[in-house]
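Asks: Just dropping this structure here.
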Amino acid sequence: MPSQHRAGFTKNHNMLVVGLTGGIATGKSTVSTLLKARGLPIVDADVIARQVVEPGTPGLAKIKAHFGDKVIQGDGRLDRKALGDIIFKDASQRAKLNAIVHPAVRKAMFWEVVRYWFRGEKVCIMDVPLLIEGPLHKMVGRVVVVYCSEEIQLQRLMHRDGSTREDALSRLRSQMPIAEKVAYADIVIDNSGTPHDLEVQIDDLVARLNKDAGWVWRLSWLFPPFGIASAAAVLLWRVVVQKKRAKRSKRN
């Protein structure tokens, strides 16, 4: 699947907030690193997810209250392996953990985006593995999905983790298929080829995002009421677009 851009964007008047996502072993983290190297600020959901459960945080206190001392190490830090053994076997426990962590992560990500806006950044990348599965994809100006075929995902997983094909396939099946995520994308980065192929697409992506951001974003920075009104309009537009895509997906 080649890199693609969907037409029909509304012109962005604020800092352009871009949601970056993908599937396991599609190379999302590589794309995030390449974007950072080109000067784009990154808000990394995985990094923030670790920060909100550090010792002394409300998030860790809630996890301890629900799951007990068995998920806390001797130094007071979260025992991720012990917690993982619980949640991967029990969907209800996984849902409870998500209910604790996800709101805290979204709140922290929001303030990180605000911080970049105050700095006068033109574009900000939100690196979120579960962007499509949650509500955040409706709240960003663009959705970028890093894609490769399922077979390539499997080969990369087996090579990276030393796992069997059966184990790799089981992990893949536990996630939303990458083909379904592509249906939500404004821009698709095809990471099936060589590193050079990917670099070319990233350069094209950066140029496209800077172009989409335009120059009017400075008005929202200098005149915040304009930015608030514009952000509300963009959010409404995203909700309408995503509803249309959902209907098309159901028909297909």
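Letters A, B, ... mark the chains of the structure tokens in the order given; residue numbers begin at 1 per chain; ligand numbers begin at 1, in order shown.
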Could I get the residues of segment 162-213 of chain A with an atom no further than 12 Å from an atom of segment 34-58 of chain A, each paired with its nearest atom pair and that distance in Å to one decimal, using only C-alpha atoms, sorted by chain and residue number, as CSV?

Replies:
residue,atom,partner,partner_atom,distance
A:Pro195,CA,A:Leu34,CA,10.8
A:His196,CA,A:Leu34,CA,11.7
A:Leu198,CA,A:Leu34,CA,9.3
A:Glu199,CA,A:Leu34,CA,7.7
A:Val200,CA,A:Leu34,CA,10.8
A:Gln201,CA,A:Leu34,CA,10.5
A:Ile202,CA,A:Leu35,CA,7.1
A:Asp203,CA,A:Arg38,CA,8.5
A:Asp204,CA,A:Leu35,CA,11.1
A:Leu205,CA,A:Leu35,CA,9.0
A:Val206,CA,A:Leu35,CA,7.5
A:Ala207,CA,A:Arg38,CA,10.6
A:Leu209,CA,A:Leu40,CA,10.2
A:Asn210,CA,A:Leu40,CA,10.0

Asks: Any idea what's packed within 12 Å of Ala168 of chain A, counting only C-alpha atoms, ignoring anything in its chain fewer than 4 positions away? Could you give it as a PyMOL selection string?

Replies: chain A and resi 24-25+150-164+172-175

Asks: Could you tell me which of A:Val114, A:Val31, A:Leu20, A:Ala99 comes closest to Asp186 of chain A if we count only C-alpha atoms?

Replies: A:Leu20

Asks: Please, which residues of segment 28-214 of chain A, numbered as in this document, come out helix (DSSP H, G or I) from DSSP, as a CSV table (one decimal) with N, CA and C atoms, in the first residue's frame?

Replies:
chain,number,residue,atom,x,y,z
A,28,LYS,N,5.9,2.3,13.7
A,28,LYS,CA,5.4,3.6,14.2
A,28,LYS,C,6.5,4.3,15.0
A,29,SER,N,7.2,3.6,15.8
A,29,SER,CA,8.3,4.2,16.6
A,29,SER,C,9.4,4.8,15.8
A,30,THR,N,9.7,4.1,14.7
A,30,THR,CA,10.7,4.5,13.8
A,30,THR,C,10.3,5.8,13.1
A,31,VAL,N,9.0,5.9,12.7
A,31,VAL,CA,8.5,7.1,12.1
A,31,VAL,C,8.5,8.2,13.1
A,32,SER,N,8.2,8.0,14.3
A,32,SER,CA,8.2,9.0,15.3
A,32,SER,C,9.6,9.5,15.5
A,33,THR,N,10.6,8.7,15.5
A,33,THR,CA,12.0,9.1,15.7
A,33,THR,C,12.4,9.9,14.5
A,34,LEU,N,12.0,9.5,13.3
A,34,LEU,CA,12.4,10.3,12.1
A,34,LEU,C,11.8,11.7,12.1
A,35,LEU,N,10.5,11.8,12.6
A,35,LEU,CA,9.9,13.1,12.6
A,35,LEU,C,10.5,14.0,13.7
A,36,LYS,N,10.9,13.4,14.8
A,36,LYS,CA,11.6,14.1,15.8
A,36,LYS,C,12.9,14.7,15.3
A,37,ALA,N,13.6,13.8,14.6
A,37,ALA,CA,14.9,14.2,14.0
A,37,ALA,C,14.8,15.4,13.0
A,45,ALA,N,2.7,8.9,23.9
A,45,ALA,CA,1.7,8.3,24.9
A,45,ALA,C,2.4,7.3,25.7
A,46,ASP,N,3.3,6.5,25.2
A,46,ASP,CA,3.9,5.4,25.9
A,46,ASP,C,4.8,6.0,27.0
A,47,VAL,N,5.5,7.0,26.7
A,47,VAL,CA,6.4,7.7,27.8
A,47,VAL,C,5.5,8.3,28.9
A,48,ILE,N,4.4,8.9,28.5
A,48,ILE,CA,3.5,9.5,29.5
A,48,ILE,C,2.8,8.4,30.3
A,49,ALA,N,2.5,7.3,29.7
A,49,ALA,CA,1.8,6.2,30.4
A,49,ALA,C,2.7,5.7,31.5
A,50,ARG,N,4.0,5.7,31.3
A,50,ARG,CA,4.9,5.3,32.4
A,50,ARG,C,5.0,6.4,33.4
A,51,GLN,N,5.0,7.6,33.0
A,51,GLN,CA,5.1,8.7,34.0
A,51,GLN,C,3.9,8.8,34.9
A,58,PRO,N,-1.1,9.6,41.6
A,58,PRO,CA,-2.5,9.1,41.9
A,58,PRO,C,-2.8,7.8,41.1
A,59,GLY,N,-2.2,7.7,39.9
A,59,GLY,CA,-2.4,6.5,39.0
A,59,GLY,C,-1.9,5.3,39.7
A,60,LEU,N,-0.7,5.3,40.2
A,60,LEU,CA,-0.2,4.1,40.9
A,60,LEU,C,-1.0,3.8,42.1
A,61,ALA,N,-1.4,4.8,42.9
A,61,ALA,CA,-2.2,4.5,44.1
A,61,ALA,C,-3.5,3.8,43.7
A,62,LYS,N,-4.1,4.2,42.6
A,62,LYS,CA,-5.4,3.6,42.2
A,62,LYS,C,-5.1,2.1,41.8
A,63,ILE,N,-4.0,1.9,41.1
A,63,ILE,CA,-3.7,0.5,40.6
A,63,ILE,C,-3.5,-0.4,41.8
A,64,LYS,N,-2.7,0.1,42.8
A,64,LYS,CA,-2.5,-0.6,44.0
A,64,LYS,C,-3.7,-0.9,44.8
A,65,ALA,N,-4.6,0.0,44.9
A,65,ALA,CA,-5.9,-0.1,45.6
A,65,ALA,C,-6.8,-1.2,44.9
A,66,HIS,N,-6.7,-1.3,43.6
A,66,HIS,CA,-7.5,-2.3,42.9
A,66,HIS,C,-6.9,-3.7,42.8
A,67,PHE,N,-5.6,-3.7,42.4
A,67,PHE,CA,-4.9,-5.0,42.1
A,67,PHE,C,-4.1,-5.5,43.3
A,69,ASP,N,-1.0,-5.4,46.5
A,69,ASP,CA,0.4,-5.3,46.7
A,69,ASP,C,1.2,-6.2,45.7
A,70,LYS,N,0.5,-7.2,45.2
A,70,LYS,CA,1.2,-8.2,44.3
A,70,LYS,C,1.7,-7.5,43.0
A,71,VAL,N,1.2,-6.3,42.6
A,71,VAL,CA,1.7,-5.7,41.4
A,71,VAL,C,2.6,-4.5,41.7
A,80,ARG,N,5.4,-4.4,36.3
A,80,ARG,CA,4.6,-4.5,35.0
A,80,ARG,C,4.4,-5.9,34.6
A,81,LYS,N,5.3,-6.8,34.9
A,81,LYS,CA,5.2,-8.2,34.5
A,81,LYS,C,4.0,-8.8,35.3
A,82,ALA,N,4.0,-8.6,36.6
A,82,ALA,CA,2.9,-9.1,37.4
A,82,ALA,C,1.6,-8.6,37.0
A,83,LEU,N,1.5,-7.3,36.7
A,83,LEU,CA,0.3,-6.7,36.2
A,83,LEU,C,-0.1,-7.2,34.9
A,84,GLY,N,0.9,-7.4,34.0
A,84,GLY,CA,0.6,-7.9,32.7
A,84,GLY,C,0.0,-9.3,32.7
A,85,ASP,N,0.5,-10.2,33.6
A,85,ASP,CA,0.0,-11.5,33.8
A,85,ASP,C,-1.5,-11.5,34.1
A,86,ILE,N,-1.9,-10.5,34.8
A,86,ILE,CA,-3.3,-10.4,35.3
A,86,ILE,C,-4.2,-9.9,34.1
A,87,ILE,N,-3.8,-8.8,33.5
A,87,ILE,CA,-4.7,-8.2,32.5
A,87,ILE,C,-4.8,-8.9,31.2
A,91,ALA,N,-10.1,-9.9,30.5
A,91,ALA,CA,-10.5,-8.6,29.8
A,91,ALA,C,-11.1,-7.6,30.7
A,92,SER,N,-11.8,-8.1,31.8
A,92,SER,CA,-12.5,-7.1,32.7
A,92,SER,C,-11.4,-6.4,33.5
A,93,GLN,N,-10.3,-7.1,33.9
A,93,GLN,CA,-9.2,-6.5,34.6
A,93,GLN,C,-8.5,-5.5,33.7
A,94,ARG,N,-8.3,-5.9,32.5
A,94,ARG,CA,-7.7,-5.0,31.5
A,94,ARG,C,-8.5,-3.7,31.3
A,95,ALA,N,-9.8,-3.9,31.3
A,95,ALA,CA,-10.6,-2.7,31.1
A,95,ALA,C,-10.5,-1.8,32.4
A,96,LYS,N,-10.4,-2.4,33.5
A,96,LYS,CA,-10.3,-1.6,34.8
A,96,LYS,C,-8.9,-0.8,34.8
A,97,LEU,N,-7.9,-1.5,34.3
A,97,LEU,CA,-6.6,-0.8,34.3
A,97,LEU,C,-6.7,0.4,33.3
A,98,ASN,N,-7.3,0.1,32.1
A,98,ASN,CA,-7.4,1.2,31.1
A,98,ASN,C,-8.2,2.4,31.7
A,99,ALA,N,-9.2,2.1,32.5
A,99,ALA,CA,-10.1,3.1,33.1
A,99,ALA,C,-9.3,4.0,34.1
A,100,ILE,N,-8.2,3.4,34.6
A,100,ILE,CA,-7.4,4.1,35.6
A,100,ILE,C,-6.3,5.0,34.8
A,101,VAL,N,-5.7,4.3,33.9
A,101,VAL,CA,-4.5,4.9,33.2
A,101,VAL,C,-4.9,5.9,32.1
A,102,HIS,N,-5.8,5.5,31.2
A,102,HIS,CA,-6.1,6.3,30.0
A,102,HIS,C,-6.5,7.7,30.3
A,103,PRO,N,-7.4,8.0,31.3
A,103,PRO,CA,-7.8,9.4,31.5
A,103,PRO,C,-6.6,10.2,32.0
A,104,ALA,N,-5.7,9.6,32.8
A,104,ALA,CA,-4.5,10.3,33.3
A,104,ALA,C,-3.6,10.6,32.1
A,105,VAL,N,-3.4,9.7,31.2
A,105,VAL,CA,-2.6,9.8,30.0
A,105,VAL,C,-3.1,10.9,29.1
A,106,ARG,N,-4.4,10.9,28.9
A,106,ARG,CA,-5.0,11.9,28.0
A,106,ARG,C,-4.9,13.3,28.6
A,107,LYS,N,-5.0,13.4,29.9
A,107,LYS,CA,-4.9,14.7,30.6
A,107,LYS,C,-3.4,15.2,30.4
A,108,ALA,N,-2.5,14.4,30.7
A,108,ALA,CA,-1.1,14.8,30.6
A,108,ALA,C,-0.7,15.1,29.2
A,109,MET,N,-1.2,14.4,28.2
A,109,MET,CA,-0.9,14.7,26.8
A,109,MET,C,-1.5,16.0,26.4
A,110,PHE,N,-2.7,16.3,26.9
A,110,PHE,CA,-3.3,17.6,26.6
A,110,PHE,C,-2.4,18.8,27.0
A,111,TRP,N,-1.9,18.7,28.2
A,111,TRP,CA,-1.1,19.7,28.8
A,111,TRP,C,0.3,19.8,28.0
A,112,GLU,N,0.8,18.7,27.5
A,112,GLU,CA,2.0,18.7,26.7
A,112,GLU,C,1.7,19.4,25.4
A,113,VAL,N,0.6,19.2,24.8
A,113,VAL,CA,0.2,19.9,23.6
A,113,VAL,C,0.1,21.4,23.8
A,114,VAL,N,-0.6,21.7,24.9
A,114,VAL,CA,-0.7,23.1,25.3
A,114,VAL,C,0.7,23.8,25.4
A,115,ARG,N,1.6,23.1,26.1
A,115,ARG,CA,2.9,23.6,26.3
A,115,ARG,C,3.6,23.9,24.9
A,116,TYR,N,3.4,23.0,24.0
A,116,TYR,CA,4.0,23.2,22.6
A,116,TYR,C,3.3,24.4,21.9
A,117,TRP,N,2.0,24.5,22.2
A,117,TRP,CA,1.3,25.7,21.6
A,117,TRP,C,1.8,27.0,22.1
A,118,PHE,N,2.1,27.0,23.4
A,118,PHE,CA,2.6,28.2,24.1
A,118,PHE,C,4.0,28.6,23.5
A,136,LEU,N,-9.3,9.9,20.9
A,136,LEU,CA,-8.4,10.9,20.5
A,136,LEU,C,-8.3,11.1,19.0
A,137,HIS,N,-8.6,10.1,18.2
A,137,HIS,CA,-8.6,10.3,16.7
A,137,HIS,C,-9.6,11.3,16.3
A,138,LYS,N,-10.6,11.6,17.1
A,138,LYS,CA,-11.6,12.6,16.7
A,138,LYS,C,-11.2,14.0,17.1
A,150,GLU,N,0.2,-7.7,7.0
A,150,GLU,CA,0.2,-8.6,8.2
A,150,GLU,C,1.3,-9.6,8.1
A,151,GLU,N,1.6,-10.0,7.0
A,151,GLU,CA,2.7,-11.0,6.9
A,151,GLU,C,4.1,-10.4,7.3
A,152,ILE,N,4.3,-9.1,6.9
A,152,ILE,CA,5.5,-8.4,7.3
A,152,ILE,C,5.5,-8.2,8.8
A,153,GLN,N,4.3,-7.8,9.3
A,153,GLN,CA,4.2,-7.7,10.8
A,153,GLN,C,4.6,-9.0,11.5
A,154,LEU,N,4.2,-10.1,11.0
A,154,LEU,CA,4.5,-11.4,11.6
A,154,LEU,C,6.0,-11.7,11.6
A,155,GLN,N,6.6,-11.5,10.4
A,155,GLN,CA,8.0,-11.7,10.2
A,155,GLN,C,8.8,-10.9,11.2
A,156,ARG,N,8.4,-9.6,11.3
A,156,ARG,CA,9.2,-8.7,12.1
A,156,ARG,C,9.0,-9.1,13.6
A,157,LEU,N,7.8,-9.5,14.0
A,157,LEU,CA,7.6,-9.9,15.4
A,157,LEU,C,8.4,-11.1,15.7
A,158,MET,N,8.4,-12.1,14.9
A,158,MET,CA,9.2,-13.3,15.1
A,158,MET,C,10.7,-13.0,15.2
A,159,HIS,N,11.2,-12.1,14.3
A,159,HIS,CA,12.6,-11.8,14.3
A,159,HIS,C,12.9,-11.0,15.6
A,160,ARG,N,12.1,-10.0,15.9
A,160,ARG,CA,12.4,-9.1,17.1
A,160,ARG,C,12.3,-9.8,18.4
A,161,ASP,N,11.3,-10.7,18.6
A,161,ASP,CA,11.0,-11.3,19.9
A,161,ASP,C,11.5,-12.7,20.0
A,165,ARG,N,5.7,-18.5,15.1
A,165,ARG,CA,4.6,-17.8,14.3
A,165,ARG,C,3.3,-17.9,15.0
A,166,GLU,N,3.0,-18.9,15.7
A,166,GLU,CA,1.7,-19.0,16.4
A,166,GLU,C,1.6,-18.0,17.5
A,167,ASP,N,2.7,-17.8,18.3
A,167,ASP,CA,2.7,-16.7,19.3
A,167,ASP,C,2.6,-15.3,18.7
A,168,ALA,N,3.3,-15.1,17.6
A,168,ALA,CA,3.3,-13.8,17.0
A,168,ALA,C,1.9,-13.5,16.4
A,169,LEU,N,1.3,-14.5,15.8
A,169,LEU,CA,-0.1,-14.4,15.3
A,169,LEU,C,-1.1,-14.1,16.4
A,170,SER,N,-0.9,-14.8,17.5
A,170,SER,CA,-1.8,-14.5,18.7
A,170,SER,C,-1.7,-13.1,19.2
A,171,ARG,N,-0.5,-12.5,19.2
A,171,ARG,CA,-0.3,-11.1,19.6
A,171,ARG,C,-1.0,-10.2,18.6
A,172,LEU,N,-0.8,-10.5,17.3
A,172,LEU,CA,-1.4,-9.7,16.3
A,172,LEU,C,-2.9,-9.7,16.3
A,173,ARG,N,-3.5,-10.9,16.6
A,173,ARG,CA,-4.9,-11.0,16.6
A,173,ARG,C,-5.5,-10.3,17.8
A,178,ILE,N,-4.5,-3.7,11.3
A,178,ILE,CA,-4.0,-2.5,10.7
A,178,ILE,C,-4.8,-2.0,9.5
A,179,ALA,N,-5.4,-3.0,8.8
A,179,ALA,CA,-6.2,-2.6,7.6
A,179,ALA,C,-7.4,-1.7,8.1
A,180,GLU,N,-8.0,-2.0,9.3
A,180,GLU,CA,-9.1,-1.3,9.8
A,180,GLU,C,-8.6,0.1,10.2
A,181,LYS,N,-7.4,0.2,10.8
A,181,LYS,CA,-6.9,1.5,11.2
A,181,LYS,C,-6.7,2.4,9.9
A,182,VAL,N,-6.3,1.8,8.8
A,182,VAL,CA,-6.0,2.6,7.6
A,182,VAL,C,-7.3,3.3,7.2
A,195,PRO,N,14.6,1.3,4.3
A,195,PRO,CA,14.7,2.5,5.1
A,195,PRO,C,14.7,3.8,4.2
A,196,HIS,N,15.3,3.7,3.0
A,196,HIS,CA,15.4,4.8,2.1
A,196,HIS,C,13.9,5.2,1.7
A,197,ASP,N,13.2,4.2,1.3
A,197,ASP,CA,11.8,4.4,0.9
A,197,ASP,C,11.0,5.2,2.0
A,198,LEU,N,11.3,4.8,3.3
A,198,LEU,CA,10.6,5.4,4.4
A,198,LEU,C,11.0,6.8,4.6
A,199,GLU,N,12.3,7.1,4.5
A,199,GLU,CA,12.9,8.4,4.6
A,199,GLU,C,12.2,9.4,3.6
A,200,VAL,N,12.1,8.9,2.4
A,200,VAL,CA,11.4,9.7,1.4
A,200,VAL,C,10.0,10.1,1.7
A,201,GLN,N,9.3,9.1,2.2
A,201,GLN,CA,7.9,9.4,2.7
A,201,GLN,C,7.8,10.3,3.8
A,202,ILE,N,8.8,10.2,4.8
A,202,ILE,CA,8.8,11.1,5.9
A,202,ILE,C,9.1,12.5,5.5
A,203,ASP,N,10.0,12.7,4.6
A,203,ASP,CA,10.3,14.1,4.0
A,203,ASP,C,9.0,14.7,3.4
A,204,ASP,N,8.3,13.8,2.7
A,204,ASP,CA,7.1,14.3,2.0
A,204,ASP,C,6.0,14.6,3.1
A,205,LEU,N,6.0,13.8,4.1
A,205,LEU,CA,5.0,14.0,5.2
A,205,LEU,C,5.2,15.3,5.9
A,206,VAL,N,6.5,15.6,6.2
A,206,VAL,CA,6.8,16.8,6.9
A,206,VAL,C,6.5,18.0,6.1
A,207,ALA,N,6.8,18.0,4.8
A,207,ALA,CA,6.4,19.1,3.9
A,207,ALA,C,4.9,19.3,3.8
A,208,ARG,N,4.2,18.2,3.8
A,208,ARG,CA,2.7,18.2,3.7
A,208,ARG,C,2.1,18.8,5.0
A,209,LEU,N,2.6,18.4,6.1
A,209,LEU,CA,2.1,18.9,7.4
A,209,LEU,C,2.4,20.4,7.5
A,210,ASN,N,3.6,20.8,7.2
A,210,ASN,CA,3.9,22.3,7.3
A,210,ASN,C,3.0,23.1,6.3
A,211,LYS,N,2.8,22.5,5.2
A,211,LYS,CA,1.9,23.2,4.2
A,211,LYS,C,0.5,23.3,4.7
A,212,ASP,N,0.0,22.2,5.3
A,212,ASP,CA,-1.4,22.2,5.8
A,212,ASP,C,-1.5,23.2,7.0
A,213,ALA,N,-0.5,23.3,7.8
A,213,ALA,CA,-0.5,24.2,8.9
A,213,ALA,C,-0.6,25.7,8.4

Asks: As a ChimeraX atom specification, please: all residues of segment 103-235 of chain A that backbone DSSP puts in strand (DSSP E or B).

Replies: /A:123-127,142-147,187-190
